[in-house]
2 protein chains.
Amino acid sequence: MSDILGFSAIREAAARIAPHICRTPVLRCVRLEEQLEAEVFFKCENFQEMGAFKLRGASNAIFSLPEADVSKGVATHSSGNHGTAVALAAKRRGVPACVVMPENASAYKKRAVAEYGAHIIYCESTQQGREAALASYVQKTGAALVHPYNDPVVMAGQGTAALELHEDVPDLQLILAPVGGGGLLSGTAVATRALRPDCKVMGVEPLAADDAWRSLKTGHIETVPQPDTIADGLRATLGVLTFAVIRDEADGILRVSEEAIIAAMRFVWERMKIIIEPSSAVVVAALQERLVEVKGRRVGVILTGGNVDLDHLPWR
Amino acid sequence: MSDILGFSAIREAAARIAPHICRTPVLRCVRLEEQLEAEVFFKCENFQEMGAFKLRGASNAIFSLPEADVSKGVATHSSGNHGTAVALAAKRRGVPACVVMPENASAYKKRAVAEYGAHIIYCESTQQGREAALASYVQKTGAALVHPYNDPVVMAGQGTAALELHEDVPDLQLILAPVGGGGLLSGTAVATRALRPDCKVMGVEPLAADDAWRSLKTGHIETVPQPDTIADGLRATLGVLTFAVIRDEADGILRVSEEAIIAAMRFVWERMKIIIEPSSAVVVAALQERLVEVKGRRVGVILTGGNVDLDHLPWR
């Protein structure tokens with residue numbers, strides 16, 4: 001078991017965040033199951049409030065902070081769902097939130113963060129620009145930082161999705177989860193080892209942002225300088241904590257092409273009638289590309305989010 | 001109680017079609033409930049196999065036909081979901097299906113019907129053209145006709161959606177259902193009268209295709225010559241049987257603009273992360289336009305389908 005993240009932390013997270021998240025449903029898809037000759041259970045975090053699993057980790061972080069630490073508010077940097085999740089969780093806790101966003105973030109994402117009442121600080125769209133703006137804000141205000149993934153309390157929150165999936169669907173033999181910064185995959189792996197030790201856990205990432213695959217191969221954290229993928233939630237690089245947990249607890253990383261991601265996303269929209277974002281579609285792409293043998297098996301997949309700008313669809 | 005359609009027929013339909021349809025889930029939407037200060041329960045027939053409630057009526061019709069009547073196959077005319085439903089139900093029963101479609105039907109709909117193995121006959125895009133082609137086919141082959149709505153066995157099948165909704169959500173005070181030809185609204189009204197007599201049942205249709213509203217007003221079946229609405233599933237005119245049941249059992253018809261339909265459709269996609277077609281969106285539009293007072297009430301709405309051509313979205 002990982003020293004960084006234990007299953008008890010995931011159990012505690014589940015109890016802590018229960019009033020603040022929704023227990024998302026598990027759906028199936030006749031067509032896909034016929035194609036694969038397998039049972040496939042979709043954990044629909046696209047139905048999570050604010051549209052992504054990120055609310056789990058952000059809620060666990062923000063609601064576990066002592067009153068004294070949270071009274072000056074919370075802050076993070078994000079161009080995506082994590083910022084919205086922090087905004088909503090802070091609103092629920094009744095403390096101010098600040099989200100540092102790159103100037104070139106999409107209008108859609110800016111609107112979502114603003115809608116939940118967070119203060120937005122715009123910065124240059126480099127990692128250094130983000131971190132400098134965030135550090136400056138934190139120093140000035142004393143706000144508490146909420147890391148998007150490289151923090152055990154965030155990883156534990158993300159692990160609650162797999163916890164619920166195992167509770168709702170016994171005897172899974174394989175779980176696929178997208179991997180970006182690695183918070184979700186870490187939590188999924190630890191929850192699965194505890195609840196269903198025989199079940200394999202694999203991460204899926206875009207070929208164009210395959211830092212996790214490379215990192216596991218070399219044994220060091222590798223980065224992909226400018227990951228050019230439509231799966232914008234999966235451009236982040238593993239952190240030292242998520243890397244260690246994934247290396248020790250997960251069973252491997254699969255990689256999918258941009259074409260396969262877009263085709264899988266469209267398949268899910270057309271066949272399952274649910275809206276998923278490209279970062280969610282990677283797991284379906286891995287199944288459809290037959291990157292892992294699932295025939296006759298019982299497979300869980302985590303659909304991480306459904307925040308898509310309907311004015312800019314990839315098949316336009 | 002209606003002489004045309006009794007509740008026992010809906011109960012029988014539910015038992016008959018149970019192996020051939022899926023029991024669709026009921027979802028809620030925090031955002032909409034906050035806006036309306038009401039509880040709203042969405043019966044998600046967009047998740048029905050082939051993507052619409054039409055499979056219920058088609059399955060009830062096709063599986064209740066005696067072997068002798070069905071052995072030459074089944075036939076219908078449709079430019080939309082009913083054709084696909086007949087194709088799938090016939091495939092399940094193991095008999096051939098023929099669907100008469102107007103030449104100018106969308107490639108998307110043609111593909112769906114063909115995919116389930118039905119034979120397609122193309123005709124002129126007039127009501128007369130359709131009926132002539134269908135009559136000629138039936139005379140030649142002896143196939144059994146399956147009407148899209150004006151048949152008690154079809155109406156009974158459609159009523160099973162409301163039956164399930166009442167079973168899953170007790171104490172509803174109002175149900176809204178789209179009304180096109182009136183099969184769904186008829187079945188919904190009869191099921192509701194039997195199971196929850198105090199619950200109101202209202203139909204919703206586009207202003208641009210408000211034949212049901214006009215018909216109830218004048219007491220005769222009225223037609224709208226060329227209904228110009230994006231809600232292509234609601235262009236049909238009430239039949240004599242559906243008109244009689246709706247007149248006697250439903251509590252009224254609401255009408256919504258094209259703008260309200262498109263806005264409601266986009267709202268559901270963005271907030272609920274589910275794909276609904278314009279014909280489903282009319283019920284959400286009626287709520288958002290405050291056409292009926294729902295504050296503090298418990299409301300059921302039927303989302304009838306999710307078959308949308310993703311290459312042609314109304315906000316493009």
# chains A, B, ... in the order shown; residues from 1 in each chain; ligands from 1

call {"tool": "calpha_fit_and_write", "arguments": {"fixed": "chain A", "moving": "chain B", "output": "short mmCIF file (atom, residue, chain, number, x, y, z; two decimals) with C-alpha atoms, in the first residue's frame"}}
result
data_model
loop_
_atom_site.label_atom_id
_atom_site.label_comp_id
_atom_site.auth_asym_id
_atom_site.auth_seq_id
_atom_site.Cartn_x
_atom_site.Cartn_y
_atom_site.Cartn_z
CA MET B 1 -0.02 0.02 -0.01
CA SER B 2 1.17 3.48 -0.82
CA ASP B 3 2.69 5.59 1.94
CA ILE B 4 1.49 8.65 0.11
CA LEU B 5 -2.16 7.74 -0.22
CA GLY B 6 -3.95 5.09 1.85
CA PHE B 7 -7.43 3.74 1.34
CA SER B 8 -8.57 5.14 4.67
CA ALA B 9 -8.01 8.64 3.30
CA ILE B 10 -10.35 7.83 0.41
CA ARG B 11 -13.00 6.49 2.79
CA GLU B 12 -12.70 9.65 4.89
CA ALA B 13 -12.93 11.80 1.78
CA ALA B 14 -16.12 10.03 0.72
CA ALA B 15 -17.76 10.81 4.05
CA ARG B 16 -16.50 14.40 4.05
CA ILE B 17 -17.64 15.33 0.56
CA ALA B 18 -20.91 13.37 0.47
CA PRO B 19 -23.04 16.46 1.19
CA HIS B 20 -21.22 18.51 -1.46
CA ILE B 21 -21.11 16.24 -4.53
CA CYS B 22 -23.62 14.08 -6.28
CA ARG B 23 -23.35 10.32 -6.51
CA THR B 24 -23.19 9.97 -10.26
CA PRO B 25 -24.97 7.17 -12.12
CA VAL B 26 -23.40 4.22 -13.90
CA LEU B 27 -24.57 3.73 -17.49
CA ARG B 28 -24.04 1.04 -20.10
CA CYS B 29 -24.10 1.06 -23.89
CA VAL B 30 -25.60 -1.91 -25.75
CA ARG B 31 -23.80 -1.06 -28.97
CA LEU B 32 -20.34 -0.86 -27.45
CA GLU B 33 -20.86 -4.04 -25.44
CA GLU B 34 -21.86 -5.88 -28.63
CA GLN B 35 -18.80 -4.56 -30.43
CA LEU B 36 -16.44 -5.57 -27.65
CA GLU B 37 -18.26 -8.69 -26.38
CA ALA B 38 -17.68 -7.33 -22.91
CA GLU B 39 -19.61 -5.68 -20.11
CA VAL B 40 -18.70 -2.01 -19.80
CA PHE B 41 -19.82 0.21 -16.93
CA PHE B 42 -19.48 3.96 -17.36
CA LYS B 43 -19.08 6.01 -14.20
CA CYS B 44 -20.61 9.28 -15.38
CA GLU B 45 -18.68 12.08 -13.73
CA ASN B 46 -19.79 14.27 -16.62
CA PHE B 47 -23.03 14.43 -14.58
CA GLN B 48 -21.15 15.68 -11.53
CA GLU B 49 -22.13 19.21 -10.54
CA MET B 50 -19.99 21.74 -12.50
CA GLY B 51 -19.51 18.92 -14.99
CA ALA B 52 -16.42 17.02 -13.86
CA PHE B 53 -14.95 14.74 -11.19
CA LYS B 54 -12.67 17.61 -10.13
CA LEU B 55 -15.31 18.71 -7.64
CA ARG B 56 -14.44 15.65 -5.53
CA GLY B 57 -10.80 16.55 -4.96
CA ALA B 58 -11.45 20.27 -4.59
CA SER B 59 -14.23 19.65 -2.08
CA ASN B 60 -12.10 17.27 -0.05
CA ALA B 61 -9.26 19.78 0.05
CA ILE B 62 -11.39 22.80 0.89
CA PHE B 63 -13.62 21.11 3.47
CA SER B 64 -10.68 19.51 5.27
CA LEU B 65 -8.88 22.82 5.79
CA PRO B 66 -9.13 24.15 9.36
CA GLU B 67 -11.17 27.31 9.70
CA ALA B 68 -8.04 29.34 10.48
CA ASP B 69 -6.36 28.25 7.25
CA VAL B 70 -9.34 28.83 5.02
CA SER B 71 -10.54 32.12 6.42
CA LYS B 72 -8.44 34.14 3.94
CA GLY B 73 -9.88 32.18 1.08
CA VAL B 74 -8.47 29.60 -1.31
CA ALA B 75 -6.53 29.98 -4.53
CA THR B 76 -5.34 27.89 -7.43
CA HIS B 77 -4.27 28.16 -11.05
CA SER B 78 -6.18 26.39 -13.76
CA SER B 79 -7.34 26.85 -17.30
CA GLY B 80 -10.00 24.21 -16.88
CA ASN B 81 -12.27 22.18 -14.65
CA HIS B 82 -10.16 22.39 -11.50
CA GLY B 83 -10.67 26.15 -11.36
CA THR B 84 -14.41 25.76 -11.63
CA ALA B 85 -14.37 23.02 -8.99
CA VAL B 86 -12.43 25.20 -6.55
CA ALA B 87 -14.81 28.08 -7.22
CA LEU B 88 -17.87 25.95 -6.46
CA ALA B 89 -16.42 24.16 -3.41
CA ALA B 90 -15.27 27.49 -1.94
CA LYS B 91 -18.72 28.95 -2.50
CA ARG B 92 -20.20 25.99 -0.65
CA ARG B 93 -17.77 26.47 2.23
CA GLY B 94 -18.51 30.19 2.23
CA VAL B 95 -14.99 31.44 1.58
CA PRO B 96 -13.62 33.51 -1.28
CA ALA B 97 -11.80 31.78 -4.14
CA CYS B 98 -9.25 33.12 -6.56
CA VAL B 99 -8.39 31.33 -9.79
CA VAL B 100 -5.32 32.33 -11.79
CA MET B 101 -6.12 31.71 -15.45
CA PRO B 102 -4.05 32.25 -18.59
CA GLU B 103 -5.29 35.19 -20.64
CA ASN B 104 -5.85 32.86 -23.59
CA ALA B 105 -8.12 30.46 -21.68
CA SER B 106 -11.37 29.90 -23.53
CA ALA B 107 -14.25 32.30 -22.96
CA TYR B 108 -16.29 29.23 -22.06
CA LYS B 109 -14.00 28.29 -19.18
CA LYS B 110 -13.68 31.87 -17.96
CA ARG B 111 -17.45 32.13 -17.82
CA ALA B 112 -17.76 28.91 -15.82
CA VAL B 113 -15.29 30.04 -13.16
CA ALA B 114 -16.86 33.49 -12.91
CA GLU B 115 -20.33 32.02 -12.66
CA TYR B 116 -19.53 30.37 -9.33
CA GLY B 117 -18.31 33.66 -7.97
CA ALA B 118 -14.53 33.19 -8.01
CA HIS B 119 -12.17 36.10 -8.48
CA ILE B 120 -10.11 35.63 -11.65
CA ILE B 121 -6.57 36.87 -12.11
CA TYR B 122 -5.29 36.69 -15.65
CA CYS B 123 -1.67 35.79 -16.33
CA GLU B 124 0.65 34.86 -19.15
CA SER B 125 -0.07 31.42 -20.52
CA THR B 126 3.17 29.88 -19.33
CA GLN B 127 3.67 27.64 -16.30
CA GLN B 128 5.98 30.30 -14.82
CA GLY B 129 3.47 33.05 -15.47
CA ARG B 130 0.78 31.09 -13.68
CA GLU B 131 2.90 30.22 -10.71
CA ALA B 132 4.24 33.73 -10.28
CA ALA B 133 0.76 35.24 -10.35
CA LEU B 134 -0.52 32.67 -7.89
CA ALA B 135 2.44 33.08 -5.52
CA SER B 136 2.02 36.83 -5.55
CA TYR B 137 -1.70 36.55 -4.76
CA VAL B 138 -1.13 34.08 -1.95
CA GLN B 139 1.60 36.20 -0.39
CA LYS B 140 -0.63 39.25 -0.50
CA THR B 141 -3.80 37.64 0.84
CA GLY B 142 -2.81 34.57 2.83
CA ALA B 143 -5.18 32.40 0.81
CA ALA B 144 -4.73 28.61 1.04
CA LEU B 145 -3.42 26.86 -2.07
CA VAL B 146 -5.41 24.01 -3.60
CA HIS B 147 -3.21 22.01 -5.98
CA PRO B 148 -5.03 20.42 -8.94
CA TYR B 149 -3.58 16.97 -8.33
CA ASN B 150 -0.23 16.69 -6.55
CA ASP B 151 -1.64 16.61 -3.02
CA PRO B 152 -2.83 13.51 -1.13
CA VAL B 153 -6.02 15.21 0.00
CA VAL B 154 -6.93 15.97 -3.62
CA MET B 155 -5.94 12.49 -4.79
CA ALA B 156 -8.09 10.97 -2.03
CA GLY B 157 -11.08 13.01 -3.17
CA GLN B 158 -10.66 11.86 -6.77
CA GLY B 159 -10.46 8.25 -5.56
CA THR B 160 -14.05 8.42 -4.34
CA ALA B 161 -15.36 8.02 -7.90
CA ALA B 162 -13.79 4.55 -8.14
CA LEU B 163 -14.99 3.76 -4.63
CA GLU B 164 -18.57 4.42 -5.71
CA LEU B 165 -18.08 2.47 -8.93
CA HIS B 166 -16.89 -0.62 -7.04
CA GLU B 167 -19.81 -0.27 -4.63
CA ASP B 168 -22.31 -0.09 -7.47
CA VAL B 169 -20.68 -2.67 -9.75
CA PRO B 170 -19.14 -5.65 -7.98
CA ASP B 171 -16.47 -7.87 -9.51
CA LEU B 172 -14.93 -5.50 -12.01
CA GLN B 173 -11.86 -7.00 -13.68
CA LEU B 174 -10.42 -3.86 -15.25
CA ILE B 175 -10.80 -0.12 -14.73
CA LEU B 176 -9.69 2.50 -17.22
CA ALA B 177 -9.24 6.11 -16.14
CA PRO B 178 -7.83 9.09 -18.04
CA VAL B 179 -4.47 10.33 -16.81
CA GLY B 180 -3.37 13.96 -16.95
CA GLY B 181 -1.71 15.14 -13.74
CA GLY B 182 -2.54 11.75 -12.23
CA GLY B 183 -4.83 12.63 -9.33
CA LEU B 184 -7.73 10.54 -10.59
CA LEU B 185 -5.59 7.57 -11.61
CA SER B 186 -3.79 7.57 -8.23
CA GLY B 187 -7.03 7.55 -6.29
CA THR B 188 -8.58 4.97 -8.60
CA ALA B 189 -5.61 2.62 -8.22
CA VAL B 190 -5.51 2.87 -4.42
CA ALA B 191 -9.28 2.40 -4.06
CA THR B 192 -9.19 -0.59 -6.40
CA ARG B 193 -6.25 -2.30 -4.70
CA ALA B 194 -8.15 -2.11 -1.42
CA LEU B 195 -11.62 -3.07 -2.63
CA ARG B 196 -10.91 -5.48 -5.47
CA PRO B 197 -7.24 -6.53 -5.52
CA ASP B 198 -7.61 -8.67 -8.68
CA CYS B 199 -8.98 -5.78 -10.75
CA LYS B 200 -6.42 -4.20 -13.07
CA VAL B 201 -6.18 -0.38 -13.25
CA MET B 202 -4.87 1.30 -16.36
CA GLY B 203 -4.50 4.95 -17.28
CA VAL B 204 -5.21 6.32 -20.74
CA GLU B 205 -3.67 9.45 -22.23
CA PRO B 206 -3.30 11.05 -25.67
CA LEU B 207 -0.29 9.95 -27.70
CA ALA B 208 0.41 13.65 -28.09
CA ALA B 209 0.66 14.10 -24.32
CA ASP B 210 2.15 10.76 -23.27
CA ASP B 211 4.24 11.98 -20.36
CA ALA B 212 2.80 9.35 -18.01
CA TRP B 213 3.66 6.50 -20.39
CA ARG B 214 7.19 7.88 -20.82
CA SER B 215 7.62 8.45 -17.11
CA LEU B 216 6.69 4.87 -16.24
CA LYS B 217 9.05 3.64 -18.93
CA THR B 218 12.08 5.62 -17.77
CA GLY B 219 11.29 5.63 -14.08
CA HIS B 220 11.53 9.44 -13.94
CA ILE B 221 8.98 12.16 -14.47
CA GLU B 222 9.12 13.03 -18.15
CA THR B 223 7.48 16.04 -19.70
CA VAL B 224 6.06 16.67 -23.16
CA PRO B 225 7.00 20.30 -23.79
CA GLN B 226 3.97 21.53 -25.76
CA PRO B 227 1.36 18.80 -25.75
CA ASP B 228 -0.82 19.36 -28.80
CA THR B 229 -3.98 17.45 -27.98
CA ILE B 230 -7.67 18.20 -28.09
CA ALA B 231 -7.93 16.56 -24.65
CA ASP B 232 -7.13 19.77 -22.81
CA GLY B 233 -7.68 18.21 -19.41
CA LEU B 234 -4.81 15.78 -20.01
CA ARG B 235 -2.01 18.17 -20.90
CA ALA B 236 -0.66 18.33 -17.35
CA THR B 237 2.44 16.43 -16.26
CA LEU B 238 2.51 13.94 -13.39
CA GLY B 239 3.57 15.34 -10.04
CA VAL B 240 6.07 13.65 -7.74
CA LEU B 241 3.32 12.23 -5.54
CA THR B 242 0.98 11.06 -8.31
CA PHE B 243 3.95 9.57 -10.20
CA ALA B 244 5.00 7.51 -7.19
CA VAL B 245 1.50 6.18 -6.54
CA ILE B 246 0.86 5.35 -10.19
CA ARG B 247 4.24 3.65 -10.54
CA ASP B 248 3.52 1.47 -7.51
CA GLU B 249 -0.21 0.84 -7.81
CA ALA B 250 -1.36 1.05 -11.43
CA ASP B 251 -0.97 -1.61 -14.11
CA GLY B 252 0.06 0.49 -17.07
CA ILE B 253 -0.73 3.35 -19.40
CA LEU B 254 -2.44 3.17 -22.80
CA ARG B 255 -2.09 5.84 -25.49
CA VAL B 256 -4.62 6.96 -28.09
CA SER B 257 -4.45 9.12 -31.22
CA GLU B 258 -6.31 12.39 -31.69
CA GLU B 259 -8.47 10.77 -34.42
CA ALA B 260 -9.45 7.96 -32.07
CA ILE B 261 -10.34 10.46 -29.34
CA ILE B 262 -12.61 12.46 -31.61
CA ALA B 263 -14.25 9.33 -33.04
CA ALA B 264 -14.86 7.94 -29.54
CA MET B 265 -16.31 11.24 -28.34
CA ARG B 266 -18.73 11.32 -31.25
CA PHE B 267 -19.64 7.67 -30.70
CA VAL B 268 -20.60 8.39 -27.09
CA TRP B 269 -22.62 11.46 -28.04
CA GLU B 270 -24.47 9.60 -30.79
CA ARG B 271 -24.98 6.25 -29.13
CA MET B 272 -25.18 6.99 -25.42
CA LYS B 273 -26.77 10.43 -25.83
CA ILE B 274 -24.49 11.90 -23.22
CA ILE B 275 -22.05 14.75 -23.56
CA ILE B 276 -18.45 14.01 -22.70
CA GLU B 277 -15.40 16.13 -23.27
CA PRO B 278 -12.36 14.92 -25.22
CA SER B 279 -10.45 14.15 -22.02
CA SER B 280 -13.17 11.62 -21.12
CA ALA B 281 -13.23 10.09 -24.57
CA VAL B 282 -9.70 8.66 -24.28
CA VAL B 283 -10.93 5.66 -22.28
CA VAL B 284 -13.56 4.80 -24.88
CA ALA B 285 -10.97 5.27 -27.62
CA ALA B 286 -8.67 2.79 -25.90
CA LEU B 287 -11.46 0.20 -25.90
CA GLN B 288 -12.47 0.85 -29.50
CA GLU B 289 -8.87 0.71 -30.66
CA ARG B 290 -8.55 -2.66 -28.87
CA LEU B 291 -5.49 -1.55 -26.95
CA VAL B 292 -6.40 -3.99 -24.21
CA GLU B 293 -8.20 -7.35 -24.45
CA VAL B 294 -11.62 -7.06 -22.82
CA LYS B 295 -13.61 -9.85 -24.47
CA GLY B 296 -15.72 -11.62 -21.86
CA ARG B 297 -14.55 -9.24 -19.14
CA ARG B 298 -16.27 -6.80 -16.85
CA VAL B 299 -14.79 -3.37 -17.37
CA GLY B 300 -15.30 -0.06 -15.56
CA VAL B 301 -14.45 3.22 -17.21
CA ILE B 302 -14.49 6.68 -15.69
CA LEU B 303 -15.99 9.40 -17.86
CA THR B 304 -14.34 12.35 -16.21
CA GLY B 305 -16.28 15.34 -17.49
CA GLY B 306 -18.66 16.88 -19.97
CA ASN B 307 -17.61 20.50 -20.24
CA VAL B 308 -17.56 21.25 -23.94
CA ASP B 309 -17.98 24.56 -25.73
CA LEU B 310 -20.92 23.74 -28.01
CA ASP B 311 -19.86 26.51 -30.36
CA HIS B 312 -16.56 24.75 -31.04
CA LEU B 313 -16.99 21.05 -31.68
CA PRO B 314 -14.12 18.99 -33.09
CA TRP B 315 -16.15 17.64 -36.02
CA ARG B 316 -17.14 21.05 -37.28
#

call {"tool": "select_by_dssp", "arguments": {"residues": "region 6-81 of chain B", "states": "alpha helix (DSSP H)", "output": "VMD selection string"}}
result
chain B and resid 7 to 17 30 to 36 54 to 64 67 to 70 81

call {"tool": "write_last_selection", "arguments": {"atoms": "N, CA and C atoms", "output": "mmCIF file, in the first residue's frame"}}
result
data_model
loop_
_atom_site.group_PDB
_atom_site.id
_atom_site.type_symbol
_atom_site.label_atom_id
_atom_site.label_comp_id
_atom_site.auth_asym_id
_atom_site.auth_seq_id
_atom_site.Cartn_x
_atom_site.Cartn_y
_atom_site.Cartn_z
ATOM 1 N N PHE B 7 -56.469 1.802 -19.036
ATOM 2 C CA PHE B 7 -55.199 1.614 -18.337
ATOM 3 C C PHE B 7 -54.732 0.161 -18.400
ATOM 4 N N SER B 8 -55.678 -0.773 -18.463
ATOM 5 C CA SER B 8 -55.257 -2.178 -18.513
ATOM 6 C C SER B 8 -54.427 -2.459 -19.768
ATOM 7 N N ALA B 9 -54.734 -1.749 -20.842
ATOM 8 C CA ALA B 9 -53.946 -1.946 -22.074
ATOM 9 C C ALA B 9 -52.507 -1.467 -21.880
ATOM 10 N N ILE B 10 -52.341 -0.421 -21.073
ATOM 11 C CA ILE B 10 -50.989 0.086 -20.812
ATOM 12 C C ILE B 10 -50.228 -0.889 -19.916
ATOM 13 N N ARG B 11 -50.911 -1.429 -18.922
ATOM 14 C CA ARG B 11 -50.286 -2.455 -18.069
ATOM 15 C C ARG B 11 -49.857 -3.666 -18.905
ATOM 16 N N GLU B 12 -50.750 -4.102 -19.785
ATOM 17 C CA GLU B 12 -50.410 -5.254 -20.637
ATOM 18 C C GLU B 12 -49.234 -4.937 -21.554
ATOM 19 N N ALA B 13 -49.240 -3.716 -22.079
ATOM 20 C CA ALA B 13 -48.125 -3.310 -22.946
ATOM 21 C C ALA B 13 -46.814 -3.357 -22.182
ATOM 22 N N ALA B 14 -46.828 -2.881 -20.940
ATOM 23 C CA ALA B 14 -45.591 -2.852 -20.149
ATOM 24 C C ALA B 14 -45.024 -4.253 -19.990
ATOM 25 N N ALA B 15 -45.904 -5.219 -19.716
ATOM 26 C CA ALA B 15 -45.438 -6.600 -19.561
ATOM 27 C C ALA B 15 -44.934 -7.153 -20.895
ATOM 28 N N ARG B 16 -45.652 -6.828 -21.970
ATOM 29 C CA ARG B 16 -45.293 -7.375 -23.282
ATOM 30 C C ARG B 16 -43.935 -6.860 -23.764
ATOM 31 N N ILE B 17 -43.695 -5.570 -23.574
ATOM 32 C CA ILE B 17 -42.489 -4.991 -24.183
ATOM 33 C C ILE B 17 -41.280 -5.006 -23.247
ATOM 34 N N VAL B 30 -30.039 20.320 -10.965
ATOM 35 C CA VAL B 30 -29.965 21.289 -9.866
ATOM 36 C C VAL B 30 -30.260 22.707 -10.359
ATOM 37 N N ARG B 31 -29.623 23.082 -11.459
ATOM 38 C CA ARG B 31 -29.752 24.446 -11.948
ATOM 39 C C ARG B 31 -31.198 24.803 -12.286
ATOM 40 N N LEU B 32 -31.858 23.913 -13.007
ATOM 41 C CA LEU B 32 -33.237 24.198 -13.393
ATOM 42 C C LEU B 32 -34.151 24.246 -12.164
ATOM 43 N N GLU B 33 -33.918 23.342 -11.226
ATOM 44 C CA GLU B 33 -34.756 23.317 -10.021
ATOM 45 C C GLU B 33 -34.576 24.593 -9.203
ATOM 46 N N GLU B 34 -33.359 25.120 -9.180
ATOM 47 C CA GLU B 34 -33.129 26.402 -8.494
ATOM 48 C C GLU B 34 -33.866 27.528 -9.201
ATOM 49 N N GLN B 35 -33.764 27.520 -10.531
ATOM 50 C CA GLN B 35 -34.437 28.577 -11.313
ATOM 51 C C GLN B 35 -35.945 28.565 -11.070
ATOM 52 N N LEU B 36 -36.511 27.359 -11.042
ATOM 53 C CA LEU B 36 -37.968 27.248 -10.995
ATOM 54 C C LEU B 36 -38.511 27.123 -9.576
ATOM 55 N N LYS B 54 -40.365 5.983 -29.111
ATOM 56 C CA LYS B 54 -41.147 5.328 -30.170
ATOM 57 C C LYS B 54 -40.984 3.816 -30.174
ATOM 58 N N LEU B 55 -39.872 3.333 -29.607
ATOM 59 C CA LEU B 55 -39.675 1.879 -29.557
ATOM 60 C C LEU B 55 -40.746 1.196 -28.721
ATOM 61 N N ARG B 56 -41.317 1.934 -27.752
ATOM 62 C CA ARG B 56 -42.350 1.338 -26.889
ATOM 63 C C ARG B 56 -43.606 1.004 -27.702
ATOM 64 N N GLY B 57 -44.129 1.971 -28.425
ATOM 65 C CA GLY B 57 -45.342 1.749 -29.200
ATOM 66 C C GLY B 57 -45.129 0.757 -30.331
ATOM 67 N N ALA B 58 -44.000 0.880 -31.018
ATOM 68 C CA ALA B 58 -43.723 -0.033 -32.134
ATOM 69 C C ALA B 58 -43.570 -1.461 -31.627
ATOM 70 N N SER B 59 -42.901 -1.622 -30.492
ATOM 71 C CA SER B 59 -42.720 -2.968 -29.937
ATOM 72 C C SER B 59 -44.054 -3.552 -29.501
ATOM 73 N N ASN B 60 -44.885 -2.725 -28.872
ATOM 74 C CA ASN B 60 -46.184 -3.247 -28.435
ATOM 75 C C ASN B 60 -47.024 -3.681 -29.634
ATOM 76 N N ALA B 61 -46.991 -2.877 -30.692
ATOM 77 C CA ALA B 61 -47.760 -3.225 -31.886
ATOM 78 C C ALA B 61 -47.222 -4.511 -32.516
ATOM 79 N N ILE B 62 -45.931 -4.575 -32.709
ATOM 80 C CA ILE B 62 -45.356 -5.687 -33.472
ATOM 81 C C ILE B 62 -45.379 -6.989 -32.681
ATOM 82 N N PHE B 63 -45.175 -6.909 -31.366
ATOM 83 C CA PHE B 63 -45.204 -8.138 -30.566
ATOM 84 C C PHE B 63 -46.608 -8.586 -30.193
ATOM 85 N N SER B 64 -47.613 -7.736 -30.436
ATOM 86 C CA SER B 64 -48.974 -8.210 -30.152
ATOM 87 C C SER B 64 -49.657 -8.742 -31.409
ATOM 88 N N GLU B 67 -48.949 -14.390 -35.141
ATOM 89 C CA GLU B 67 -47.932 -14.889 -36.068
ATOM 90 C C GLU B 67 -48.410 -14.825 -37.522
ATOM 91 N N ALA B 68 -49.677 -15.186 -37.746
ATOM 92 C CA ALA B 68 -50.206 -15.206 -39.119
ATOM 93 C C ALA B 68 -50.196 -13.801 -39.731
ATOM 94 N N ASP B 69 -50.460 -12.790 -38.902
ATOM 95 C CA ASP B 69 -50.543 -11.429 -39.433
ATOM 96 C C ASP B 69 -49.173 -10.806 -39.666
ATOM 97 N N VAL B 70 -48.182 -11.307 -38.963
ATOM 98 C CA VAL B 70 -46.884 -10.658 -39.001
ATOM 99 C C VAL B 70 -45.915 -11.373 -39.937
ATOM 100 N N ASN B 81 -38.231 8.948 -36.124
ATOM 101 C CA ASN B 81 -37.952 7.917 -35.133
ATOM 102 C C ASN B 81 -38.880 6.710 -35.221
#

call {"tool": "select_by_dssp", "arguments": {"residues": "region 145-292 of chain B", "states": "strand (DSSP E)", "output": "list in words"}}
result
Leu145, Leu174, Ile175, Leu176, Ala177, Pro178, Lys200, Val201, Met202, Gly203, Val204, Glu205, Pro206, Ile253, Leu254, Arg255 and Val256 of chain B

call {"tool": "write_last_selection", "arguments": {"atoms": "C-alpha atoms", "output": "CSV table (one decimal), in the first residue's frame"}}
result
chain,number,residue,atom,x,y,z
B,145,LEU,CA,-49.3,-1.8,-41.1
B,174,LEU,CA,-47.9,17.8,-13.1
B,175,ILE,CA,-46.6,15.9,-16.1
B,176,LEU,CA,-45.5,17.6,-19.4
B,177,ALA,CA,-45.2,15.6,-22.6
B,178,PRO,CA,-44.5,16.8,-26.1
B,200,LYS,CA,-52.3,17.3,-14.2
B,201,VAL,CA,-51.2,16.3,-17.7
B,202,MET,CA,-50.3,18.9,-20.3
B,203,GLY,CA,-49.0,18.6,-23.8
B,204,VAL,CA,-46.4,20.9,-25.3
B,205,GLU,CA,-46.0,21.7,-29.0
B,206,PRO,CA,-44.3,24.3,-31.1
B,253,ILE,CA,-51.7,22.2,-24.4
B,254,LEU,CA,-48.9,24.7,-24.1
B,255,ARG,CA,-47.1,26.3,-27.0
B,256,VAL,CA,-43.4,27.4,-27.3
